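The next block is model16.pdb, given as PDB, C-alpha atoms, pLDDT in the B column.
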```
ATOM      1  CA  MET A   1      -3.411  -7.118   2.071  1.00 81.00           C
ATOM      2  CA  ALA A   2      -6.304  -7.127  -0.398  1.00 93.00           C
ATOM      3  CA  GLN A   3      -5.777  -6.257  -4.026  1.00 97.00           C
ATOM      4  CA  ILE A   4      -8.008  -4.503  -6.554  1.00 97.00           C
ATOM      5  CA  LYS A   5      -8.077  -4.681 -10.349  1.00 98.00           C
ATOM      6  CA  ILE A   6      -8.535  -1.298 -12.050  1.00 98.00           C
ATOM      7  CA  THR A   7      -9.624  -1.121 -15.707  1.00 98.00           C
ATOM      8  CA  TRP A   8      -9.711   2.081 -17.770  1.00 98.00           C
ATOM      9  CA  LYS A   9     -13.097   2.258 -19.550  1.00 98.00           C
ATOM     10  CA  LYS A  10     -13.701   5.877 -20.671  1.00 97.00           C
ATOM     11  CA  SER A  11     -11.460   8.412 -22.375  1.00 96.00           C
ATOM     12  CA  CYS A  12     -10.016  11.462 -20.594  1.00 95.00           C
ATOM     13  CA  ILE A  13     -10.546  13.685 -23.629  1.00 96.00           C
ATOM     14  CA  GLY A  14     -12.595  16.724 -22.626  1.00 97.00           C
ATOM     15  CA  ARG A  15     -11.974  16.146 -18.927  1.00 96.00           C
ATOM     16  CA  PRO A  16      -9.874  18.299 -16.579  1.00 97.00           C
ATOM     17  CA  SER A  17      -6.155  17.625 -16.984  1.00 96.00           C
ATOM     18  CA  TYR A  18      -5.707  16.384 -13.413  1.00 97.00           C
ATOM     19  CA  GLN A  19      -7.974  13.411 -14.169  1.00 97.00           C
ATOM     20  CA  GLY A  20      -5.730  12.313 -17.032  1.00 96.00           C
ATOM     21  CA  ARG A  21      -2.702  12.585 -14.751  1.00 97.00           C
ATOM     22  CA  ILE A  22      -4.426  10.435 -12.127  1.00 97.00           C
ATOM     23  CA  VAL A  23      -5.248   7.738 -14.690  1.00 97.00           C
ATOM     24  CA  GLN A  24      -1.627   7.827 -15.874  1.00 97.00           C
ATOM     25  CA  SER A  25      -0.277   7.629 -12.311  1.00 97.00           C
ATOM     26  CA  LEU A  26      -2.403   4.524 -11.695  1.00 97.00           C
ATOM     27  CA  GLY A  27      -0.326   2.870 -14.434  1.00 97.00           C
ATOM     28  CA  LEU A  28      -3.038   2.745 -17.090  1.00 97.00           C
ATOM     29  CA  LYS A  29      -1.672   3.152 -20.626  1.00 96.00           C
ATOM     30  CA  ARG A  30      -4.703   2.842 -22.936  1.00 96.00           C
ATOM     31  CA  LEU A  31      -8.430   2.121 -22.903  1.00 97.00           C
ATOM     32  CA  ASN A  32      -9.400  -1.339 -21.617  1.00 97.00           C
ATOM     33  CA  HIS A  33      -5.962  -1.713 -19.985  1.00 97.00           C
ATOM     34  CA  SER A  34      -6.030  -3.258 -16.490  1.00 97.00           C
ATOM     35  CA  VAL A  35      -3.632  -3.075 -13.561  1.00 97.00           C
ATOM     36  CA  VAL A  36      -3.631  -4.657 -10.110  1.00 98.00           C
ATOM     37  CA  HIS A  37      -2.813  -2.552  -7.034  1.00 97.00           C
ATOM     38  CA  GLU A  38      -2.828  -3.091  -3.294  1.00 96.00           C
ATOM     39  CA  ASP A  39      -6.008  -1.709  -1.726  1.00 95.00           C
ATOM     40  CA  SER A  40      -4.521   1.255   0.153  1.00 95.00           C
ATOM     41  CA  PRO A  41      -5.982   4.640   1.113  1.00 96.00           C
ATOM     42  CA  THR A  42      -3.756   6.348  -1.470  1.00 96.00           C
ATOM     43  CA  ILE A  43      -4.988   4.181  -4.337  1.00 97.00           C
ATOM     44  CA  ARG A  44      -8.598   4.448  -3.131  1.00 96.00           C
ATOM     45  CA  GLY A  45      -8.313   8.249  -3.122  1.00 97.00           C
ATOM     46  CA  MET A  46      -7.120   8.271  -6.737  1.00 97.00           C
ATOM     47  CA  VAL A  47      -9.867   5.806  -7.726  1.00 97.00           C
ATOM     48  CA  ASN A  48     -12.534   8.029  -6.148  1.00 97.00           C
ATOM     49  CA  LYS A  49     -11.362  11.030  -8.203  1.00 97.00           C
ATOM     50  CA  VAL A  50     -11.774   9.188 -11.540  1.00 97.00           C
ATOM     51  CA  GLN A  51     -14.430   6.603 -10.675  1.00 97.00           C
ATOM     52  CA  HIS A  52     -16.522   7.676 -13.695  1.00 97.00           C
ATOM     53  CA  LEU A  53     -13.645   6.693 -16.058  1.00 97.00           C
ATOM     54  CA  ILE A  54     -12.633   3.325 -14.572  1.00 97.00           C
ATOM     55  CA  THR A  55     -14.048   0.120 -13.140  1.00 98.00           C
ATOM     56  CA  VAL A  56     -12.766  -1.512  -9.952  1.00 97.00           C
ATOM     57  CA  GLU A  57     -13.005  -5.191  -9.009  1.00 97.00           C
ATOM     58  CA  PRO A  58     -11.574  -7.090  -6.050  1.00 96.00           C
ATOM     59  CA  VAL A  59      -8.894  -9.683  -6.830  1.00 95.00           C
ATOM     60  CA  GLU A  60      -9.110 -12.972  -4.988  1.00 85.00           C
TER      61      GLU A  60
END
```
Let me see the file written as structure tokens.
Amino acid sequence: MAQIKITWKKSCIGRPSYQGRIVQSLGLKRLNHSVVHEDSPTIRGMVNKVQHLITVEPVE
């Protein structure tokens, strides 16, 4: 299955609390931290909710 690299780029300060919880549940700890996840519908749903705070790249 394909993988995606997710990098946290913008702060959650001043955003609704659920967005901070989504970023945390993706495994991101601090700004500019990156994680690799399988490209599944669950992960894609979380990415779509906070797409303005993160960047997503495919991993080859």
| said: My list of candidates is A:Val56, A:Leu26, A:Met1, A:Leu31. Which is closest to Ile43 (chain A) when distances are computed with all atoms listed in the file? | reply: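 Nearest candidate to Ile43 (chain A) out of A:Val56, A:Leu26, A:Met1, A:Leu31: A:Leu26.
CA of Ile13 (chain A) is positioned 27.5 Å from CA of Ser40 (chain A).
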Identify all residues satisfying the PyMOL selection byres ((chain A and resi 33-39) around 9) in the given file; provide them as a PDB file with C-alpha atoms, in the frame of the given file.
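Result file is part23.pdb:
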```
ATOM      1  CA  MET A   1      -3.411  -7.118   2.071  1.00 81.00           C
ATOM      2  CA  ALA A   2      -6.304  -7.127  -0.398  1.00 93.00           C
ATOM      3  CA  GLN A   3      -5.777  -6.257  -4.026  1.00 97.00           C
ATOM      4  CA  ILE A   4      -8.008  -4.503  -6.554  1.00 97.00           C
ATOM      5  CA  LYS A   5      -8.077  -4.681 -10.349  1.00 98.00           C
ATOM      6  CA  ILE A   6      -8.535  -1.298 -12.050  1.00 98.00           C
ATOM      7  CA  THR A   7      -9.624  -1.121 -15.707  1.00 98.00           C
ATOM      8  CA  TRP A   8      -9.711   2.081 -17.770  1.00 98.00           C
ATOM      9  CA  LYS A   9     -13.097   2.258 -19.550  1.00 98.00           C
ATOM     10  CA  LEU A  26      -2.403   4.524 -11.695  1.00 97.00           C
ATOM     11  CA  GLY A  27      -0.326   2.870 -14.434  1.00 97.00           C
ATOM     12  CA  LEU A  28      -3.038   2.745 -17.090  1.00 97.00           C
ATOM     13  CA  LYS A  29      -1.672   3.152 -20.626  1.00 96.00           C
ATOM     14  CA  ARG A  30      -4.703   2.842 -22.936  1.00 96.00           C
ATOM     15  CA  LEU A  31      -8.430   2.121 -22.903  1.00 97.00           C
ATOM     16  CA  ASN A  32      -9.400  -1.339 -21.617  1.00 97.00           C
ATOM     17  CA  SER A  40      -4.521   1.255   0.153  1.00 95.00           C
ATOM     18  CA  PRO A  41      -5.982   4.640   1.113  1.00 96.00           C
ATOM     19  CA  THR A  42      -3.756   6.348  -1.470  1.00 96.00           C
ATOM     20  CA  ILE A  43      -4.988   4.181  -4.337  1.00 97.00           C
ATOM     21  CA  ARG A  44      -8.598   4.448  -3.131  1.00 96.00           C
ATOM     22  CA  PRO A  58     -11.574  -7.090  -6.050  1.00 96.00           C
ATOM     23  CA  VAL A  59      -8.894  -9.683  -6.830  1.00 95.00           C
TER      24      VAL A  59
END
```
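What separates CA of Lys10 (chain A) from CA of Met46 (chain A) is a distance of 15.6 Å.
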| remark: Correct to one decimal, the distance CA of Pro16 (chain A)-CA of Gly45 (chain A) is 16.9 Å
| query | Is there a way to get, as a ChimeraX atom specification, all residues within 9 Å of the point (-14.9, 8.4, -14.3) in file coordinates, counting all atoms listed in the file? | reply | /A:8-12,19,47-55
